[in-house]
2 protein chains.
Amino acid sequence: MASNAVMEETLQILKDHKLRVTPQRHIILAYLVSHHNHPTVEIIRDALGKELPNMGASTIYNTLNTFVDHHLVVELQNGDGSTHYDYFGTPHYHAICTNCGRIVDVTYPGFSDTEKNLEQKTAEISGYMISGNHMEVYGLCPECQIKLGIKNNE
Amino acid sequence: MASNAVMEETLQILKDHKLRVTPQRHIILAYLVSHHNHPTVEIIRDALGKELPNMGASTIYNTLNTFVDHHLVVELQNGDGSTHYDYFGTPHYHAICTNCGRIVDVTYPGFSDTEKNLEQKTAEISGYMISGNHMEVYGLCPECQIKLGIKNNE
DNA sequence: GATTACATTGGAATGGTTCTTACTTATTAA
DNA sequence: TTAATAAGTAAGAACCATTCCAATGTAATC
């Protein structure tokens with residue numbers, strides 16, 4: 001269960017975005033804010049099953065799609081066939097393991113400038129009116145490097 | 001139908017990657033190399049139906065997945081529910097219209113440095129052994145800006 | 001508290017992708 | 001050139017994540 005602080009925070013987020021506050025939306029958002037596990041719908045359902053046993057899968061899909069529309073959440077694919085979701089409170093991007101699918105959040109000082117620069121260049125070249133971006137970096141996570149017996153020659 | 005030059009080029013690509021040369025692979029790769037329309041499996045099937053009428057959908061999926069594994073092709077999602085494919089001969093990224101799904105290739109001088117920098121930073125921070133990346137920028141394409149009556153205030 | 005527009009449920013339907021089996025073929029070596 | 005075999009293809013069934021639908025429930029407004 002999410003802390004009271006998180007519940008208050010997420011309540012405010014919903015209100016700020018003029019989203020009707022339902023228990024389902026509230027608890028799903030609180031889960032996403034307080035976890036960084038990039039869950040699938042199934043994982044969310046299992047995790048929240050005790051608090052809202054009757055929550056339908058379509059509700060979770062609807063809710064997450066709403067959050068995505070409001071740019072609260074981003075969708076991620078790691079190759080396992082289902083969509084993963086990530087609360088997007090602060091700018092970051094993702095490193096995805098090509099072997100096990102593990103997703104980690106990454107950011108660094110100056111990332112925001114890199115992003116802005118990419119968007120500006122894109123606008124100039126393509127004529128698109130930019131609204132956002134996604135960056136992903138692929139590779140082997142540290143665990144899989146060991147598991148596969150790979151030596152980083154550096 | 002792809003030109004002879006493209007057919008020769010793609011034949012060499014297949015050989016370079018030690019892929020068994022079949023008519024299906026050859027013609028699909030030639031189609032991707034000579035088109036920049038980011039096709040779906042269905043589009044490829046329709047386009048090549050005259051040349052190989054009996055080509056099964058699973059063959060196209062298998063072939064494209066093989067190309068993806070060999071980093072010849074990248075997969076793209078534009079929100080229409082099916083996967084789009086793009087021959088990745090030269091480094092570039094994609095701008096995707098959030099309204100109509102149109103995908104355009106983008107690159108600019110210095111993009112390669114941006115990419116390398118992102119990968120290096122990611123390796124340092126996450127410990128991943130990096131093998132690649134995908135960048136996407138979202139926005140409204142020029143057509144949709146007009147269609148939706150949006151003025152770019154600049 | 002009544003109204004109304006919106007959200008949730010539960011299950012059916014959808015559809016893109018993968019899987020399976022039998023068949024065919026590209027490659028290699030003799 | 002031919003035989004052997006490892007690999008690819010065809011066709012369609014199966015899978016399964018996601019969406020759709022109709023009925024019910026509920027949050028927000030006045």
# chains A, B, ... in the order shown; residues from 1 in each chain; ligands from 1
>>> interface_residues(of="chain B", to="chain C", cutoff="10 Å", atoms="only C-alpha atoms (C1' of nucleotides)", output="PyMOL selection string")
chain B and resi 20-22+41+57-58+61-62+81-83
>>> residues_around(residues="range 103-105 of chain B", least_positions_apart="4", cutoff="8 Å", atoms="only C-alpha atoms (C1' of nucleotides)", output="PyMOL selection string")
(chain A and resi 126) or (chain B and resi 37-38+78+92-97)
>>> select_by_dssp(residues="range 39-76 of chain A", states="strand (DSSP E)", output="list in words")
Val73, Val74, Glu75 and Leu76 of chain A
>>> write_last_selection(atoms="N, CA and C atoms", output="CSV table (one decimal), in the first residue's frame")
chain,number,residue,atom,x,y,z
A,73,VAL,N,2.2,9.1,-17.7
A,73,VAL,CA,2.7,7.8,-17.8
A,73,VAL,C,3.2,7.6,-19.2
A,74,VAL,N,4.3,6.8,-19.3
A,74,VAL,CA,4.8,6.4,-20.6
A,74,VAL,C,4.7,4.9,-20.8
A,75,GLU,N,4.5,4.5,-22.0
A,75,GLU,CA,4.5,3.1,-22.3
A,75,GLU,C,5.9,2.6,-22.8
A,76,LEU,N,6.2,1.4,-22.4
A,76,LEU,CA,7.5,0.8,-22.8
A,76,LEU,C,7.3,-0.6,-23.3
>>> closest_atom_pairs(of="chain D", to="chain A", cutoff="8 Å", atoms="only C-alpha atoms (C1' of nucleotides)", output="CSV")
residue,atom,partner,partner_atom,distance
D:DA17,C1',A:Ser82,CA,6.4
D:DT18,C1',A:Tyr61,CA,8.0
D:DA27,C1',A:Arg20,CA,6.8
D:DA28,C1',A:Arg20,CA,7.9
>>> write_last_selection(atoms="N, CA, C and O atoms (P, O5', C5', C4', C3', O3' and C1' of nucleotides)", output="tab-separated table (two decimals), in the first residue's frame")
chain	number	residue	atom	x	y	z
D	17	DA	P	-0.68	-12.07	-22.50
D	17	DA	O5'	-0.48	-10.51	-22.75
D	17	DA	C5'	0.32	-10.12	-23.85
D	17	DA	C4'	-0.37	-9.01	-24.61
D	17	DA	C3'	-0.90	-7.87	-23.75
D	17	DA	O3'	-0.52	-6.65	-24.36
D	17	DA	C1'	-2.65	-8.75	-25.09
D	18	DT	P	-0.85	-5.28	-23.63
D	18	DT	O5'	-2.23	-4.88	-24.29
D	18	DT	C5'	-2.27	-4.64	-25.70
D	18	DT	C4'	-3.71	-4.48	-26.16
D	18	DT	C3'	-4.50	-3.37	-25.46
D	18	DT	O3'	-4.68	-2.33	-26.40
D	18	DT	C1'	-5.80	-5.33	-25.83
D	27	DA	P	-17.56	7.27	-6.05
D	27	DA	O5'	-16.90	8.59	-6.61
D	27	DA	C5'	-16.09	8.51	-7.78
D	27	DA	C4'	-16.16	9.82	-8.56
D	27	DA	C3'	-16.00	11.07	-7.71
D	27	DA	O3'	-15.23	12.01	-8.44
D	27	DA	C1'	-18.14	11.10	-8.78
D	28	DA	P	-14.78	13.36	-7.81
D	28	DA	O5'	-15.81	14.39	-8.45
D	28	DA	C5'	-15.70	14.67	-9.84
D	28	DA	C4'	-16.86	15.54	-10.29
D	28	DA	C3'	-16.95	16.90	-9.59
D	28	DA	O3'	-16.97	17.91	-10.59
D	28	DA	C1'	-19.05	15.74	-9.51
>>> closest_atom_pairs(of="chain B", to="chain A", cutoff="8 Å", atoms="only C-alpha atoms", output="JSON lines")
{"residue": "B:Ala95", "atom": "CA", "partner": "A:Thr122", "partner_atom": "CA", "distance": 7.4}
{"residue": "B:Cys97", "atom": "CA", "partner": "A:Tyr128", "partner_atom": "CA", "distance": 7.7}
{"residue": "B:Val104", "atom": "CA", "partner": "A:Ser126", "partner_atom": "CA", "distance": 7.6}
{"residue": "B:Val106", "atom": "CA", "partner": "A:Thr122", "partner_atom": "CA", "distance": 6.9}
{"residue": "B:Tyr108", "atom": "CA", "partner": "A:Lys121", "partner_atom": "CA", "distance": 7.7}
{"residue": "B:Thr114", "atom": "CA", "partner": "A:Thr114", "partner_atom": "CA", "distance": 7.5}
{"residue": "B:Glu119", "atom": "CA", "partner": "A:Val137", "partner_atom": "CA", "distance": 6.8}
{"residue": "B:Lys121", "atom": "CA", "partner": "A:Tyr108", "partner_atom": "CA", "distance": 7.7}
{"residue": "B:Thr122", "atom": "CA", "partner": "A:Val106", "partner_atom": "CA", "distance": 6.9}
{"residue": "B:Ile125", "atom": "CA", "partner": "A:Val106", "partner_atom": "CA", "distance": 7.3}
{"residue": "B:Ser126", "atom": "CA", "partner": "A:Val106", "partner_atom": "CA", "distance": 7.1}
{"residue": "B:Gly127", "atom": "CA", "partner": "A:Pro142", "partner_atom": "CA", "distance": 5.8}
{"residue": "B:Tyr128", "atom": "CA", "partner": "A:Cys141", "partner_atom": "CA", "distance": 4.5}
{"residue": "B:Met129", "atom": "CA", "partner": "A:Leu140", "partner_atom": "CA", "distance": 5.0}
{"residue": "B:Ile130", "atom": "CA", "partner": "A:Gly139", "partner_atom": "CA", "distance": 4.0}
{"residue": "B:Ser131", "atom": "CA", "partner": "A:Gly139", "partner_atom": "CA", "distance": 4.8}
{"residue": "B:Gly132", "atom": "CA", "partner": "A:Tyr138", "partner_atom": "CA", "distance": 5.1}
{"residue": "B:Asn133", "atom": "CA", "partner": "A:Val137", "partner_atom": "CA", "distance": 4.1}
{"residue": "B:His134", "atom": "CA", "partner": "A:Glu136", "partner_atom": "CA", "distance": 5.2}
{"residue": "B:Met135", "atom": "CA", "partner": "A:Met135", "partner_atom": "CA", "distance": 4.4}
{"residue": "B:Glu136", "atom": "CA", "partner": "A:His134", "partner_atom": "CA", "distance": 5.2}
{"residue": "B:Val137", "atom": "CA", "partner": "A:Asn133", "partner_atom": "CA", "distance": 4.1}
{"residue": "B:Tyr138", "atom": "CA", "partner": "A:Gly132", "partner_atom": "CA", "distance": 5.1}
{"residue": "B:Gly139", "atom": "CA", "partner": "A:Ile130", "partner_atom": "CA", "distance": 4.0}
{"residue": "B:Leu140", "atom": "CA", "partner": "A:Met129", "partner_atom": "CA", "distance": 5.0}
{"residue": "B:Cys141", "atom": "CA", "partner": "A:Tyr128", "partner_atom": "CA", "distance": 4.5}
{"residue": "B:Pro142", "atom": "CA", "partner": "A:Tyr128", "partner_atom": "CA", "distance": 5.7}
{"residue": "B:Gln145", "atom": "CA", "partner": "A:Met129", "partner_atom": "CA", "distance": 7.6}
{"residue": "B:Asn152", "atom": "CA", "partner": "A:Met129", "partner_atom": "CA", "distance": 7.4}
>>> atom_distance(atom1="CA of Pro91 in chain A", atom2="CA of Thr40 in chain A")
20.7 Å
>>> select_by_dssp(residues="range 5-102 of chain B", states="alpha helix (DSSP H)", output="MDAnalysis selection string")
chainID B and resid 5:16 23:34 41:48 57:69
>>> atom_distance(atom1="CA of Asp86 in chain B", atom2="CA of His84 in chain A")
23.2 Å
>>> closest_residue(among="A:Ile27, A:Ala47, A:Cys100, A:Leu19", to="Asp69 in chain A", atoms="only C-alpha atoms")
A:Leu19
>>> atom_distance(atom1="C1' of DT5 in chain D", atom2="CA of Lys15 in chain B")
20.1 Å
>>> residues_around(residues="Arg45 in chain A", least_positions_apart="5", cutoff="9 Å", atoms="only C-alpha atoms (C1' of nucleotides)", output="PyMOL selection string")
chain A and resi 40+52-53+55-57+60
